Structure formats: structure tokens, C-alpha cells
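Chemist: Contents of my_file-v2.cif (mmCIF, C-alpha atoms and all ligand atoms) are below:
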data_final
#
loop_
_atom_site.label_atom_id
_atom_site.label_comp_id
_atom_site.auth_asym_id
_atom_site.auth_seq_id
_atom_site.Cartn_x
_atom_site.Cartn_y
_atom_site.Cartn_z
CA MET D 1 0.00 0.00 0.00
CA SER D 2 1.30 3.47 -0.83
CA GLN D 3 2.73 5.57 2.00
CA THR D 4 1.24 8.76 0.55
CA ALA D 5 -2.28 7.35 0.60
CA GLN D 6 -2.09 6.05 4.19
CA THR D 7 -4.14 8.04 6.64
CA GLU D 8 -2.81 9.19 10.00
CA ASP D 9 -4.57 6.27 11.65
CA ASP D 10 -2.82 3.99 9.18
CA ARG D 11 -5.92 2.42 7.69
CA ALA D 12 -5.78 1.53 4.00
CA THR D 13 -7.66 3.95 1.79
CA VAL D 14 -10.37 3.16 -0.76
CA ALA D 15 -12.03 5.33 -3.39
CA THR D 16 -15.03 4.11 -5.37
CA VAL D 17 -16.54 5.72 -8.46
CA CYS D 18 -19.74 5.14 -10.41
CA LEU D 19 -19.16 5.34 -14.17
CA GLY D 20 -22.00 4.27 -16.50
CA GLY D 21 -23.68 2.11 -13.88
CA CYS D 22 -27.03 1.90 -12.11
CA SER D 23 -25.51 2.24 -8.61
CA GLY D 24 -26.69 -1.33 -7.97
CA CYS D 25 -23.14 -2.47 -7.20
CA HIS D 26 -22.78 0.27 -4.59
CA MET D 27 -26.24 -0.49 -3.18
CA GLU D 28 -25.41 -4.17 -2.87
CA PHE D 29 -22.13 -3.35 -1.11
CA LEU D 30 -24.14 -1.62 1.64
CA ASN D 31 -25.86 -4.98 2.19
CA ILE D 32 -22.84 -6.18 4.12
CA ASP D 33 -24.65 -4.34 6.95
CA HIS D 34 -22.85 -4.55 10.29
CA ASP D 35 -19.76 -6.04 8.70
CA LEU D 36 -19.21 -2.59 7.20
CA VAL D 37 -18.44 -1.39 10.72
CA ASP D 38 -15.77 -4.10 11.05
CA LEU D 39 -14.40 -3.24 7.61
CA LEU D 40 -14.06 0.41 8.62
CA GLU D 41 -11.54 -0.66 11.24
CA ASP D 42 -9.16 -1.50 8.41
CA VAL D 43 -10.35 0.78 5.64
CA LYS D 44 -11.05 4.45 5.21
CA PHE D 45 -13.36 5.39 2.32
CA GLU D 46 -11.87 8.56 0.82
CA ALA D 47 -14.59 8.73 -1.83
CA SER D 48 -17.73 6.66 -2.41
CA HIS D 49 -20.93 8.41 -3.38
CA MET D 50 -23.19 6.53 -0.97
CA ILE D 51 -20.84 6.77 2.01
CA VAL D 52 -18.71 9.92 1.69
CA ASP D 53 -19.54 13.38 0.32
CA GLU D 54 -16.46 13.63 -1.91
CA LYS D 55 -16.96 14.29 -5.62
CA GLY D 56 -13.41 13.86 -6.94
CA VAL D 57 -11.06 10.89 -7.14
CA PRO D 58 -8.57 11.30 -4.30
CA GLU D 59 -5.38 9.26 -3.89
CA ALA D 60 -6.15 5.84 -2.46
CA ASP D 61 -4.61 2.42 -2.08
CA ILE D 62 -7.57 0.74 -3.76
CA GLY D 63 -9.70 2.35 -6.48
CA ILE D 64 -12.98 0.65 -7.34
CA ALA D 65 -15.10 1.40 -10.42
CA GLU D 66 -18.71 0.42 -11.05
CA GLY D 67 -20.22 0.72 -14.52
CA VAL D 68 -19.19 0.84 -18.15
CA VAL D 69 -17.24 3.61 -19.80
CA THR D 70 -20.04 5.16 -21.81
CA ASN D 71 -19.32 8.89 -22.08
CA GLU D 72 -16.41 11.33 -22.16
CA GLU D 73 -16.68 12.11 -18.46
CA ASN D 74 -16.38 8.40 -17.63
CA VAL D 75 -13.07 8.28 -19.53
CA GLU D 76 -11.70 11.19 -17.48
CA VAL D 77 -12.83 9.66 -14.18
CA ALA D 78 -11.40 6.24 -15.12
CA GLU D 79 -8.04 7.78 -16.01
CA GLU D 80 -8.02 9.74 -12.74
CA LEU D 81 -8.78 6.53 -10.83
CA ARG D 82 -5.83 4.79 -12.49
CA GLU D 83 -3.52 7.72 -11.82
CA ASN D 84 -4.47 8.14 -8.17
CA CYS D 85 -4.92 4.55 -6.99
CA ASP D 86 -2.36 1.76 -6.54
CA THR D 87 -4.79 -1.06 -7.31
CA VAL D 88 -7.79 -0.69 -9.60
CA VAL D 89 -10.80 -3.00 -9.31
CA ALA D 90 -13.50 -3.47 -11.97
CA TRP D 91 -16.58 -3.96 -9.77
CA GLY D 92 -19.51 -5.79 -11.33
CA ASP D 93 -20.25 -7.07 -14.82
CA CYS D 94 -20.56 -3.63 -16.40
CA ALA D 95 -17.06 -2.53 -15.42
CA ALA D 96 -15.53 -5.99 -15.86
CA LEU D 97 -17.27 -7.22 -19.00
CA ARG D 98 -19.48 -4.30 -20.19
CA GLY D 99 -22.69 -5.99 -18.97
CA ILE D 100 -26.27 -4.94 -19.48
CA MET D 101 -25.33 -1.28 -19.99
CA SER D 102 -23.87 -2.16 -23.38
CA LEU D 103 -27.33 -3.01 -24.74
CA ARG D 104 -27.33 0.57 -25.98
CA ASN D 105 -24.43 -0.18 -28.36
CA ASP D 106 -26.79 -1.03 -31.23
CA ASP D 107 -28.32 2.45 -31.16
CA ASP D 108 -27.07 5.77 -32.46
CA PRO D 109 -25.84 7.96 -29.54
CA ASP D 110 -27.26 11.22 -30.98
CA GLU D 111 -30.66 9.66 -31.61
CA MET D 112 -30.70 8.30 -28.04
CA ILE D 113 -29.95 11.73 -26.55
CA ASP D 114 -32.65 13.34 -28.69
CA GLU D 115 -35.19 10.66 -27.81
CA VAL D 116 -34.60 10.93 -24.07
CA TYR D 117 -34.06 14.67 -23.68
CA LEU D 118 -35.98 16.21 -26.58
CA ASP D 119 -38.68 13.89 -27.90
CA LYS D 120 -39.95 13.17 -24.39
CA ALA D 121 -39.54 16.76 -23.17
CA ASP D 122 -42.39 19.10 -22.36
CA GLU D 123 -42.28 22.90 -22.49
CA GLN D 124 -40.73 23.08 -19.02
CA SER D 125 -37.81 20.84 -19.95
CA GLU D 126 -34.36 22.24 -20.65
CA SER D 127 -32.41 20.86 -23.58
CA PRO D 128 -29.09 19.26 -22.62
CA ARG D 129 -27.68 20.54 -25.87
CA ASP D 130 -28.17 24.16 -24.78
CA ASP D 131 -27.62 25.42 -21.26
CA VAL D 132 -27.35 22.13 -19.39
CA PRO D 133 -24.93 19.98 -21.35
CA VAL D 134 -24.56 16.31 -20.54
CA PRO D 135 -21.24 14.54 -21.21
CA ALA D 136 -21.00 13.41 -24.83
CA LEU D 137 -21.82 9.75 -25.30
CA LEU D 138 -19.11 7.56 -26.80
CA GLU D 139 -20.02 5.48 -29.82
CA ASP D 140 -20.14 2.35 -27.63
CA ALA D 141 -20.26 1.50 -23.93
CA ARG D 142 -17.13 -0.50 -23.14
CA PRO D 143 -15.56 -2.26 -20.14
CA LEU D 144 -13.02 -0.47 -17.98
CA ASP D 145 -9.95 -2.32 -19.22
CA GLU D 146 -10.44 -0.96 -22.73
CA TYR D 147 -9.41 2.43 -21.31
CA ILE D 148 -7.11 1.77 -18.34
CA ASP D 149 -5.17 -1.14 -16.83
CA VAL D 150 -7.29 -3.13 -14.38
CA ASP D 151 -5.72 -5.23 -11.62
CA VAL D 152 -8.72 -7.10 -10.20
CA TYR D 153 -12.09 -8.18 -11.62
CA ILE D 154 -15.11 -8.85 -9.40
CA PRO D 155 -17.97 -10.02 -11.66
CA GLY D 156 -21.68 -10.30 -10.86
CA CYS D 157 -24.71 -8.08 -11.42
CA PRO D 158 -24.38 -6.90 -8.81
CA PRO D 159 -21.59 -8.89 -7.16
CA ASP D 160 -22.68 -10.41 -3.87
CA ALA D 161 -21.97 -8.06 -0.93
CA GLU D 162 -19.86 -10.67 0.82
CA VAL D 163 -17.84 -11.22 -2.32
CA MET D 164 -17.10 -7.49 -2.54
CA ALA D 165 -16.09 -7.33 1.11
CA HIS D 166 -13.97 -10.46 0.68
CA GLY D 167 -12.32 -8.87 -2.35
CA ILE D 168 -11.33 -5.78 -0.39
CA GLU D 169 -10.10 -7.86 2.55
CA ALA D 170 -7.98 -10.05 0.26
CA LEU D 171 -6.41 -6.97 -1.33
CA LEU D 172 -5.61 -5.61 2.13
CA GLU D 173 -3.73 -8.87 2.77
CA GLY D 174 -1.85 -8.38 -0.49
CA GLU D 175 -3.68 -11.29 -2.13
CA GLN D 176 -5.60 -11.57 -5.39
CA PRO D 177 -9.28 -12.26 -4.50
CA GLU D 178 -10.58 -15.63 -5.66
CA ILE D 179 -14.23 -15.58 -6.75
CA VAL D 180 -15.62 -19.12 -6.86
CA ASP D 181 -18.48 -19.89 -9.26
CA GLU D 182 -21.07 -20.52 -6.56
CA LYS D 183 -20.49 -17.00 -5.23
CA LEU D 184 -21.32 -15.36 -8.57
CA GLN D 185 -24.61 -13.48 -8.24
CA TYR D 186 -26.97 -12.27 -10.98
CA ASP D 187 -30.14 -10.71 -9.54
FE1 LIG Y 1 -25.93 -2.16 -12.22
FE2 LIG Y 1 -25.39 -4.76 -12.58
FE3 LIG Y 1 -24.00 -2.93 -13.90
FE4 LIG Y 1 -23.65 -3.21 -11.26
S1 LIG Y 1 -23.16 -4.74 -12.82
S2 LIG Y 1 -23.86 -1.28 -12.40
S3 LIG Y 1 -25.75 -3.76 -10.62
S4 LIG Y 1 -26.23 -3.30 -14.12
#
Please go through the file and, once you have read it, give me the structure as C-alpha cells.
Ligand code: SF4
Modeler:
Amino acid sequence: MSQTAQTEDDRATVATVCLGGCSGCHMEFLNIDHDLVDLLEDVKFEASHMIVDEKGVPEADIGIAEGVVTNEENVEVAEELRENCDTVVAWGDCAALRGIMSLRNDDDPDEMIDEVYLDKADEQSESPRDDVPVPALLEDARPLDEYIDVDVYIPGCPPDAEVMAHGIEALLEGEQPEIVDEKLQYD
């Protein structure tokens, strides 16, 4: 673990980000319930949108990404995660394999934006192409390792909470997490 990322209390640091995901992986992680309290004895979450109010990608020992890379902002966040974190984890099928979020790959990105933000808009709606831009969609939604090097893959949709906690604990021990087939979860 990097010295720079260690906190004063010497816990390992973790940052999680949500790319093109549904937040289901993060939601499932919270299902470890009381074990989260035990985990916090060893881990400090520097960023994680359901746990910590931190919008950027701070330096951390372990960087975890949920979701596909589907727009230009996702590319920037993924690159920041790689730059700032010693170990990068692709969390869930979308990040690891591209998953259900890639169903949009057969459609034209511009037509999708128009359909969602213009065709279904009423007179009160603001157009994202004017004053409230949304990040430009990439041609395809792709898994994380097509943009940055990934060290660990934790599949599942979402991965089982225990599997995610086990993955973090194994990394803290300096081990590569082993995900056995019977622990793979697809809800
Ligand atoms: Fe959502 Fe499943 Fe993708 Fe996780 S892997 S972001 S739960 S669709």
C-alpha cells in the first residue's frame, strides 16, 4: 500500500466511483450491513458516493469502479482513478465485461440523446444541448480495461456483498481475490 495514501490512523484507503452504472453495485455493497463497521476498522473510504460526500477521485490504495465507460466524463474519471490509486478493481459485470449497460451499443448515440431529452420533453424541460450539457456519449459503452489497466475483476450483477467485502479484505492482505463460481450473483 502506498505511503502517501495512508491516513494518520494507518488504515488503507479506498475510493469508489460510479461510471456508467445503475448504482446497484454500490447499493449491494451496503448490504454487508454490520460487517461494514468491522471493515471500517481497516479501511477508510476517501470517496464513495453513498458513504462519503467527496466528488473527486482522491489518492487511495484501492480504487474501485462500477459501470461501463459510456461517455467522455467516464473516460476522465477512469483515467483519474488509475492515476491516483495503486490497485484498480472493476466492480460488477458492467465494469468488468461491459454488462447490461452495453445493450445501448446497437443504437445511435445522438438519436438516443434526442429521444430521451428532446422527444420526451415538455415545455418546461431544458435541452441538454443548450444550457445544461450532458457529457458526450461515446459510440459504444465498453468495459473499464479498454481504457485503463485493471488489476482485479469482481464479476456479478451486482456482485454479492460478501464477495465485494472479501475482495477488499484479500487486497488488504496483499492477495488476489478468488471468486468461486457458486459466489457469482446475478439478480
Ligand atoms: Fe448495475 Fe449490474 Fe451494472 Fe452493477 S453490474 S452497475 S448492478 S447493471
Chemist: Show me which residues sit within 10 Å of ligand LIG 1 (chain Y) when counting all atoms listed in the file, and put them as a PyMOL selection string.
Modeler: chain D and resi 18-28+65-68+90-102+154-160+185-187
Chemist: With all atoms listed in the file as the basis for distance, which of D:Pro109, D:Gly167, D:Pro58, D:Pro177 is at the shortest distance from Phe45 of chain D?
Modeler: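 Once distances to Phe45 of chain D are computed over all atoms listed in the file, the minimum belongs to D:Pro58.
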Chemist: Between atom CA of Asp149 of chain D and atom CA of Ile64 of chain D, measure the distance and give it in Å to one decimal.
Modeler: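 According to the coordinates, atom CA of Asp149 of chain D and atom CA of Ile64 of chain D are separated by 12.4 Å.
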Chemist: Can you work out the spacing between atom CA of Leu118 of chain D and atom CA of Ala141 of chain D in Å, to one decimal?
Modeler: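 Going from atom CA of Leu118 of chain D over to atom CA of Ala141 of chain D covers 21.7 Å.
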Chemist: Report the distance between atom CA of Glu115 of chain D and atom CA of Asn74 of chain D in Å, rounded to one decimal place.
Modeler: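 If I compute the distance from atom CA of Glu115 of chain D to atom CA of Asn74 of chain D, I get 21.5 Å.
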Chemist: Go through D:Ala78, D:Val116, D:Ile179, D:Leu172 one by one, measure the shortest atom-to-atom distance of each to Arg142 of chain D using all atoms listed in the file, and give the residue with the smallest value.
Modeler: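 The closest residue to Arg142 of chain D is D:Ala78.
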Chemist: Which residue is closest to Glu175 of chain D? Choose from D:Val134, D:Val163, D:Val152, D:Leu36 and count all atoms listed in the file.
Modeler: D:Val152
Chemist: Considering only C-alpha atoms, can you say which of D:Ala170, D:Ala47, D:Asp114, D:Pro133 comes closest to Glu73 of chain D?
Modeler: D:Pro133
